[in-house]
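Okay, structure first, notes after.
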Amino acid sequence: MSIAIAPAAPGYDTTGAGPHSSERVFDYGEIAAYPADLYHCQQQAVGVEGFAGVTDAAIAQFHTEGYLVVHHAFTSAEVQDALDGLLFLLSGQHPTFRGVMYEHGAKGVDVANLSAEARQDYVRKFMWFVDYDERLRVMAHHPHLVTLLTRLLGEPPALFQDMALIKPPHIGREKPWHQDHAYFDLPLSTTVVGVWVALDGATTENGCMVIYPGSHRQGPVVHFKRRDWQICDTYQRVDPALAVPLEPGGALFFHSLLQHGTPANRSQHRRRAVQFHYAPASAQKTSSEERLAIFGEEGKDVTC
Ligand SMILES: O=C(O)CCC(=O)C(=O)O
C-alpha cells in the first residue's frame, strides 16, 4: 500500500531539505506561549514489559483506551543503531536524502559548519528516512513490532509514514494537541496505529508524549491552524490526561484518533524519538478534501 500524506492544511509543508542545502527548511509552526496547564498530568501511563509482555488484556486496552505502552521494546543496541542512522543522514553522507526540518531556533546559526552530532540540536524533524538508511528500515520492520501490529490491526501492517521529532534541548517547540488522523488521507473507519519510540529518556521535563486516554472513541475533532494544525487550546477534556514517560527503547502504540501532544523541551536534555505509522495492508486512500471536510473548520461555524 502506498498512501501519500498530504500537507495537513495549506501552507503546511512536510518536505525538508538536505542537511547541507543552502535552502534549509524551517518548522512551519509557530513558537508562541501556550496555557501553563495545557499538558499538565497528574498520572503516568502504565505499560507492559517488552513485546513478550503484551497479553490479550493489553491488546484489549489498546482498543478501549487507544494506547499501549511497551517498555524496553527495543534493545540499547537497536536504539543506538537508529540514532546512528539519523546522524548518518544528517551528516549529508547520503546524496539524495532531503528530509530534514530545522527548529526556528536554528535561524542565524551556521549549522552547515557544525558536526552532525552538534547539528542535531537544531533539528526539529526528520521525514521519510527508512528508505535511506538500513538501520532505520530494520527498526520500522522489526519482526516483534510487525507481530504486535498484526494483532492490533487484525491483518498485516503497511508502513506509510516515518518521521522523527527530535525536540532539541532549550529550543524544541511543542507539538500541540492533535489527532494524527487529521493529517492522513485515510477513511475514518481505517484503524491506523502510530508507534512512537523513545531514543532518549522521555520525561515530562523534556517533552514526553501526553495523551487523552479513550479519546479515540469520541471520534474526530475539528483542527485549527494556530500554532500548528491542532485542536483548540480551549477544548474541554473531561478526564485527566496521562503523561507517557519512557526510557530509551520504550514504545507507545496509539490509535490515530487518540488526542495527544508534547510540551516544549525547555530542559537541557535531548528528547529524540522516531515515529512510524501503519495502516492495514488492505487500506484504501481517501482525498484531502474528504479529510478536511471532517477535520477542517470550514463551514462548521466553530471558533477557536
Ligand atoms: O514527537 C513529538 O514530540 C510529537 C509527535 C507527534 O505527536 C506527531 O508528530 O504526531
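Chain identifiers are assigned as A, B, and so on, following the order in which chains appear in the C-alpha cells; residues are numbered from 1 within each chain, and ligands are numbered from 1 in order of appearance.
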### Task
Would you please give, as a ChimeraX atom specification, all residues of stretch 35-275 of chain A that DSSP assigns to alpha helix (DSSP H) based on the backbone?
/A:56-65,76-90,116-119,134-140,143-153
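With a cut-off of 7 Å and using only C-alpha atoms and all ligand atoms, the polymer residues contacting ligand 1 are Ala164, Leu165, Ile166, Lys167, Glu174, Lys175, Asp180, Gly207, Cys208, Met209, His260, Gly261, Thr262 and Ala273 of chain A.
You can rank A:Ala32, A:Ala52, A:Met163, A:Leu258 by their closest distance to A:Met127 using only C-alpha atoms, and at the top of that list sits A:Met163.
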### From A:Leu145, A:Leu252, A:Met101, A:Ile211, residue lying nearest A:Leu68 [only C-alpha atoms]
A:Leu252
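Proximity ranking of A:Val195, A:Val100, A:Leu246, A:Leu86 relative to A:Glu134 places A:Leu86 first, based on only C-alpha atoms.
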### Query
Where does DSSP see strand (DSSP E) in stretch 87-228 of chain A, if you list the residues as a ChimeraX atom specification?
/A:100-102,123-127,157-165,175-178,193-198,209-211,223-225
Let's have the selection written as a CSV table (one decimal), in the first residue's frame, with N, CA and C atoms.
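Below is the file that was written, result.csv:
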```csv
chain,number,residue,atom,x,y,z
A,100,VAL,N,15.1,16.8,6.2
A,100,VAL,CA,15.5,17.5,7.5
A,100,VAL,C,14.7,18.8,7.6
A,101,MET,N,14.1,19.0,8.7
A,101,MET,CA,13.5,20.3,9.0
A,101,MET,C,14.1,20.9,10.3
A,102,TYR,N,14.4,22.2,10.3
A,102,TYR,CA,15.1,22.8,11.5
A,102,TYR,C,14.1,23.5,12.3
A,123,VAL,N,17.7,20.5,15.0
A,123,VAL,CA,16.8,19.8,14.1
A,123,VAL,C,15.4,19.6,14.8
A,124,ARG,N,14.4,20.0,14.1
A,124,ARG,CA,13.0,19.7,14.6
A,124,ARG,C,12.6,18.3,14.2
A,125,LYS,N,12.8,18.0,12.9
A,125,LYS,CA,12.2,16.8,12.4
A,125,LYS,C,12.9,16.2,11.2
A,126,PHE,N,13.0,14.9,11.2
A,126,PHE,CA,13.4,14.1,10.0
A,126,PHE,C,12.1,13.5,9.5
A,127,MET,N,12.0,13.4,8.1
A,127,MET,CA,10.9,12.8,7.5
A,127,MET,C,11.4,11.8,6.4
A,157,PRO,N,0.4,-5.2,8.8
A,157,PRO,CA,0.5,-3.7,8.7
A,157,PRO,C,1.3,-3.3,7.4
A,158,ALA,N,1.0,-2.1,7.0
A,158,ALA,CA,1.8,-1.4,5.9
A,158,ALA,C,2.3,-0.1,6.5
A,159,LEU,N,3.6,0.0,6.5
A,159,LEU,CA,4.1,1.3,7.0
A,159,LEU,C,3.9,2.4,5.9
A,160,PHE,N,3.3,3.5,6.3
A,160,PHE,CA,3.0,4.5,5.3
A,160,PHE,C,3.6,5.9,5.7
A,161,GLN,N,4.1,6.0,6.9
A,161,GLN,CA,4.8,7.3,7.2
A,161,GLN,C,5.9,7.0,8.3
A,162,ASP,N,7.0,7.7,8.1
A,162,ASP,CA,8.1,7.6,9.1
A,162,ASP,C,8.6,9.0,9.3
A,163,MET,N,8.7,9.3,10.6
A,163,MET,CA,9.2,10.7,10.9
A,163,MET,C,9.9,10.6,12.3
A,164,ALA,N,10.7,11.6,12.6
A,164,ALA,CA,11.3,11.7,13.9
A,164,ALA,C,11.3,13.1,14.4
A,165,LEU,N,10.5,13.4,15.5
A,165,LEU,CA,10.6,14.7,16.1
A,165,LEU,C,11.7,14.7,17.1
A,175,LYS,N,4.5,20.2,20.3
A,175,LYS,CA,3.6,19.7,19.2
A,175,LYS,C,2.2,19.8,19.9
A,176,PRO,N,1.4,20.8,19.5
A,176,PRO,CA,0.1,21.0,20.2
A,176,PRO,C,-0.8,19.7,20.1
A,177,TRP,N,-1.8,19.7,20.9
A,177,TRP,CA,-2.8,18.6,20.9
A,177,TRP,C,-3.3,18.4,19.5
A,178,HIS,N,-3.4,17.2,19.1
A,178,HIS,CA,-3.9,16.9,17.8
A,178,HIS,C,-4.3,15.4,17.7
A,193,VAL,N,-2.3,2.8,13.4
A,193,VAL,CA,-1.6,2.8,14.6
A,193,VAL,C,-0.3,3.5,14.5
A,194,GLY,N,0.0,4.5,15.4
A,194,GLY,CA,1.3,5.2,15.5
A,194,GLY,C,2.1,4.5,16.5
A,195,VAL,N,3.4,4.4,16.2
A,195,VAL,CA,4.4,3.8,17.1
A,195,VAL,C,5.4,4.9,17.4
A,196,TRP,N,5.5,5.3,18.6
A,196,TRP,CA,6.5,6.4,19.0
A,196,TRP,C,7.5,5.7,19.8
A,197,VAL,N,8.8,5.7,19.4
A,197,VAL,CA,9.9,5.0,20.1
A,197,VAL,C,10.8,6.0,20.6
A,198,ALA,N,11.0,6.0,21.9
A,198,ALA,CA,11.9,6.9,22.6
A,198,ALA,C,13.4,6.5,22.3
A,209,MET,N,5.4,12.3,25.5
A,209,MET,CA,4.0,12.3,25.0
A,209,MET,C,3.0,12.4,26.1
A,210,VAL,N,2.0,13.2,25.8
A,210,VAL,CA,0.9,13.4,26.7
A,210,VAL,C,-0.4,13.0,26.0
A,211,ILE,N,-1.2,12.1,26.5
A,211,ILE,CA,-2.3,11.5,25.8
A,211,ILE,C,-3.6,11.7,26.6
A,223,HIS,N,-9.8,20.6,13.7
A,223,HIS,CA,-8.4,21.1,13.9
A,223,HIS,C,-8.4,22.6,13.4
A,224,PHE,N,-7.6,23.4,14.0
A,224,PHE,CA,-7.5,24.8,13.6
A,224,PHE,C,-6.0,25.1,13.3
A,225,LYS,N,-5.8,26.0,12.3
A,225,LYS,CA,-4.4,26.4,12.0
A,225,LYS,C,-4.0,27.5,13.0
```
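Here atom CA of A:Ala73 and atom CA of A:Phe253 stand 10.9 Å from one another.
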### Query
By how many Å are atom CA of A:Gly29 and atom CA of A:Arg227 apart?
5.4 Å
### Summary
atom CA of A:Gln236 sits from atom CA of A:Tyr39 at a separation of 12.8 Å
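With only C-alpha atoms as the basis for measurement, A:Pro187 is the residue among A:Cys304, A:Pro187, A:Leu199, A:Gly50 that approaches A:Lys285 most closely.
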#### Entry: Among listed residues A:Ala293, A:Asn265, A:Gly85, A:Ser115, nearest A:Val130 (using only C-alpha atoms)
A:Gly85
### Message
Nearest residue to A:Trp229 out of A:Glu155, A:Glu49, A:Glu297, A:Glu65, using only C-alpha atoms?
### Response
A:Glu297
### Message
Neighbouring residues of A:Arg217 were defined as those with any atom within 12 Å, considering only C-alpha atoms; residues of the same chain fewer than 2 positions away were excluded. Please report them as a list in words.
### Response
Phe62, His63, Thr64, Glu65, Gly66, Tyr67, Gln179, Leu188, Ser189, Thr191, Tyr212, Pro213, Gly214, Ser215, Gly219, Pro220, Val221, His255, Ser256, Leu257, Leu258 and Gln259 of chain A
### Query
If we count only C-alpha atoms, what is near A:Thr286 at a cut-off of 9 Å, once residues fewer than 3 positions away on the same chain are taken out, given as a PyMOL selection string?
chain A and resi 184-187+289-291
### Query
If we count only C-alpha atoms, what is near A:Leu83 at a cut-off of 9 Å, once residues fewer than 5 positions away on the same chain are taken out, given as a ChimeraX atom specification?
/A:78,88,135-136,199,272-273
Selection from above, C-alpha atoms, as a PDB file, in the first residue's frame, can you write it?
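Result went into again_7.pdb, see below:
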```pdb
ATOM      1  CA  GLU A  78      18.750  -1.155  18.379  1.00  0.00           C
ATOM      2  CA  PHE A  88      24.380   9.452   9.215  1.00  0.00           C
ATOM      3  CA  ARG A 135      19.255   0.641  10.392  1.00  0.00           C
ATOM      4  CA  LEU A 136      16.100   2.743  10.464  1.00  0.00           C
ATOM      5  CA  LEU A 199      15.619   7.106  21.658  1.00  0.00           C
ATOM      6  CA  ARG A 272      14.971  12.198  20.359  1.00  0.00           C
ATOM      7  CA  ALA A 273      12.301   9.797  19.128  1.00  0.00           C
TER       8      ALA A 273
END
```
